[in-house]
Amino acid sequence: MSENTPERCGMNGERRAGYFLAGLGAATGLAVWAPRAAFSIDGGFEGHARDLSVVFVDLPLILLGGALVPLFAWALAVRRVPPWAAAVAALAALALGGWGLTEWWTPRQHPDPGYDIPGM
C-alpha cells in the first residue's frame, strides 16, 4: 500500500489542477473555434464555400494547442512560484493564446466576391 504523505497529496492536487487547466484550455479553444468556423462548415449558398478542413485539420490543432498552452505554463510556473500564482500564469497564457488565435486564424467568412455583382 502506498502512504499518503503530504508531498504525495500535494502532487495529486497539482496534477488535478493541471488536468483542469488542460480541459479548460481545450473548451476555450472549442468556444473560440466554433463561431468562426461555422460558415466553412455550412458552406453558404448551396454549400459552395464548404471547407471541411476546419473540422479535420484546424479543430484538432486548436484543441491540442488549447490544452497544451495552459498545461505547459502551469508546469513551468508551479516549480518556481506558489500554486495560485502558477494558476494565474496558466490562465494568462490561455487568455493570450485565445487572443492570438482570434487575431491570426480567420477561416473563410463570406461567399466568393462574384456573388456581390449588382444585377445577378
# chains A, B, ... in the order shown; residues from 1 in each chain; ligands from 1
call {"tool": "select_by_dssp", "arguments": {"residues": "stretch 12-120 of chain A", "states": "helix (DSSP H, G or I)", "output": "VMD selection string"}}
result
chain A and resid 12 to 42 45 to 47 53 to 77 83 to 104 113 to 116
call {"tool": "residues_around", "arguments": {"residues": "stretch 27-40 of chain A", "least_positions_apart": "5", "cutoff": "7 Å", "atoms": "only C-alpha atoms", "output": "list of chain:residue names"}}
result
A:Ala49, A:Arg50, A:Asp51, A:Leu52, A:Val54, A:Ile62, A:Leu63, A:Gly66, A:Gly98, A:Pro107, A:Arg108, A:Gln109
call {"tool": "write_last_selection", "arguments": {"atoms": "N, CA and C atoms", "output": "compact mmCIF listing (two decimals), in the first residue's frame"}}
result
# COMPACT_ATOMS: atom_id res chain seq x y z
N ALA A 49 -19.15 27.26 -50.59
CA ALA A 49 -17.90 27.61 -49.92
C ALA A 49 -17.58 26.65 -48.79
N ARG A 50 -18.08 25.43 -48.84
CA ARG A 50 -17.81 24.45 -47.77
C ARG A 50 -16.33 24.08 -47.78
N ASP A 51 -15.75 24.12 -46.60
CA ASP A 51 -14.35 23.78 -46.43
C ASP A 51 -14.23 22.98 -45.14
N LEU A 52 -14.26 21.66 -45.24
CA LEU A 52 -14.24 20.82 -44.06
C LEU A 52 -12.86 20.64 -43.46
N VAL A 54 -11.52 22.82 -41.82
CA VAL A 54 -11.60 23.44 -40.49
C VAL A 54 -11.99 22.41 -39.44
N ILE A 62 -6.34 23.21 -32.82
CA ILE A 62 -6.79 24.21 -31.85
C ILE A 62 -7.07 23.56 -30.50
N LEU A 63 -7.69 22.39 -30.50
CA LEU A 63 -7.94 21.69 -29.24
C LEU A 63 -6.63 21.27 -28.57
N GLY A 66 -4.97 24.44 -27.31
CA GLY A 66 -5.72 24.94 -26.16
C GLY A 66 -5.46 24.14 -24.90
N GLY A 98 -5.83 32.48 -26.66
CA GLY A 98 -7.14 32.73 -27.28
C GLY A 98 -7.14 34.02 -28.08
N PRO A 107 -10.82 31.71 -40.78
CA PRO A 107 -11.29 30.90 -41.90
C PRO A 107 -12.21 31.74 -42.79
N ARG A 108 -12.54 31.20 -43.93
CA ARG A 108 -13.41 31.89 -44.88
C ARG A 108 -14.71 32.31 -44.20
N GLN A 109 -15.13 33.55 -44.40
CA GLN A 109 -16.30 34.07 -43.72
C GLN A 109 -17.44 34.45 -44.67
call {"tool": "atom_distance", "arguments": {"atom1": "atom CA of A:Leu24", "atom2": "atom CA of A:Ala67"}}
result
7.3 Å
call {"tool": "closest_residue", "arguments": {"among": "A:Leu76, A:Ala95, A:Leu71, A:Ala85", "to": "A:Leu21", "atoms": "only C-alpha atoms"}}
result
A:Leu71
call {"tool": "closest_residue", "arguments": {"among": "A:Pro70, A:Asp42, A:Val78, A:Tyr19", "to": "A:Leu91", "atoms": "only C-alpha atoms"}}
result
A:Pro70
call {"tool": "closest_residue", "arguments": {"among": "A:Gly18, A:Gly13, A:Gly23, A:Gly100", "to": "A:Ala86", "atoms": "only C-alpha atoms"}}
result
A:Gly18
call {"tool": "atom_distance", "arguments": {"atom1": "atom CA of A:Arg16", "atom2": "atom CA of A:Leu94"}}
result
17.3 Å
call {"tool": "decode", "arguments": {"residues": "stretch 57-119 of chain A", "atoms": "C-alpha atoms", "output": "mmCIF file, in the first residue's frame"}}
result
data_model
loop_
_atom_site.group_PDB
_atom_site.id
_atom_site.type_symbol
_atom_site.label_atom_id
_atom_site.label_comp_id
_atom_site.auth_asym_id
_atom_site.auth_seq_id
_atom_site.Cartn_x
_atom_site.Cartn_y
_atom_site.Cartn_z
ATOM 1 C CA VAL A 57 -7.224 19.951 -39.559
ATOM 2 C CA ASP A 58 -7.917 23.177 -37.678
ATOM 3 C CA LEU A 59 -10.121 21.790 -34.891
ATOM 4 C CA PRO A 60 -7.674 19.102 -33.664
ATOM 5 C CA LEU A 61 -4.790 21.578 -33.739
ATOM 6 C CA ILE A 62 -6.791 24.208 -31.852
ATOM 7 C CA LEU A 63 -7.938 21.687 -29.236
ATOM 8 C CA LEU A 64 -4.396 20.382 -28.794
ATOM 9 C CA GLY A 65 -2.951 23.865 -28.510
ATOM 10 C CA GLY A 66 -5.716 24.944 -26.157
ATOM 11 C CA ALA A 67 -4.959 22.010 -23.877
ATOM 12 C CA LEU A 68 -1.166 22.264 -24.017
ATOM 13 C CA VAL A 69 -0.610 26.021 -23.651
ATOM 14 C CA PRO A 70 -2.062 26.377 -20.131
ATOM 15 C CA LEU A 71 -0.696 22.965 -19.120
ATOM 16 C CA PHE A 72 2.868 23.905 -20.080
ATOM 17 C CA ALA A 73 2.526 27.320 -18.436
ATOM 18 C CA TRP A 74 1.287 25.608 -15.269
ATOM 19 C CA ALA A 75 4.084 23.021 -15.327
ATOM 20 C CA LEU A 76 6.765 25.679 -15.767
ATOM 21 C CA ALA A 77 5.373 28.058 -13.155
ATOM 22 C CA VAL A 78 4.399 25.605 -10.401
ATOM 23 C CA ARG A 79 8.055 24.729 -9.760
ATOM 24 C CA ARG A 80 9.048 28.324 -9.045
ATOM 25 C CA VAL A 81 6.006 30.077 -7.565
ATOM 26 C CA PRO A 82 3.081 29.152 -5.293
ATOM 27 C CA PRO A 83 0.244 27.162 -6.898
ATOM 28 C CA TRP A 84 -2.142 30.135 -7.010
ATOM 29 C CA ALA A 85 0.436 32.184 -8.955
ATOM 30 C CA ALA A 86 1.018 29.246 -11.313
ATOM 31 C CA ALA A 87 -2.743 29.084 -11.934
ATOM 32 C CA VAL A 88 -2.779 32.814 -12.713
ATOM 33 C CA ALA A 89 0.143 32.331 -15.124
ATOM 34 C CA ALA A 90 -1.658 29.423 -16.828
ATOM 35 C CA LEU A 91 -4.877 31.433 -17.183
ATOM 36 C CA ALA A 92 -2.906 34.389 -18.555
ATOM 37 C CA ALA A 93 -1.226 32.077 -21.094
ATOM 38 C CA LEU A 94 -4.656 30.721 -22.052
ATOM 39 C CA ALA A 95 -6.046 34.241 -22.492
ATOM 40 C CA LEU A 96 -3.075 35.259 -24.634
ATOM 41 C CA GLY A 97 -3.428 32.074 -26.685
ATOM 42 C CA GLY A 98 -7.138 32.733 -27.278
ATOM 43 C CA TRP A 99 -6.426 36.314 -28.254
ATOM 44 C CA GLY A 100 -3.645 35.213 -30.605
ATOM 45 C CA LEU A 101 -5.942 32.638 -32.180
ATOM 46 C CA THR A 102 -8.657 35.189 -32.894
ATOM 47 C CA GLU A 103 -6.107 37.589 -34.366
ATOM 48 C CA TRP A 104 -4.275 35.051 -36.519
ATOM 49 C CA TRP A 105 -6.766 32.359 -37.565
ATOM 50 C CA THR A 106 -9.516 33.555 -39.872
ATOM 51 C CA PRO A 107 -11.293 30.900 -41.902
ATOM 52 C CA ARG A 108 -13.408 31.888 -44.881
ATOM 53 C CA GLN A 109 -16.296 34.067 -43.718
ATOM 54 C CA HIS A 110 -18.171 35.194 -46.836
ATOM 55 C CA PRO A 111 -19.057 33.797 -50.272
ATOM 56 C CA ASP A 112 -16.861 34.443 -53.266
ATOM 57 C CA PRO A 113 -16.808 38.085 -54.460
ATOM 58 C CA GLY A 114 -18.567 37.064 -57.687
ATOM 59 C CA TYR A 115 -21.885 36.891 -55.864
ATOM 60 C CA ASP A 116 -21.726 40.592 -54.928
ATOM 61 C CA ILE A 117 -22.102 41.827 -58.513
ATOM 62 C CA PRO A 118 -25.243 44.000 -58.853
ATOM 63 C CA GLY A 119 -27.888 42.666 -61.193
#
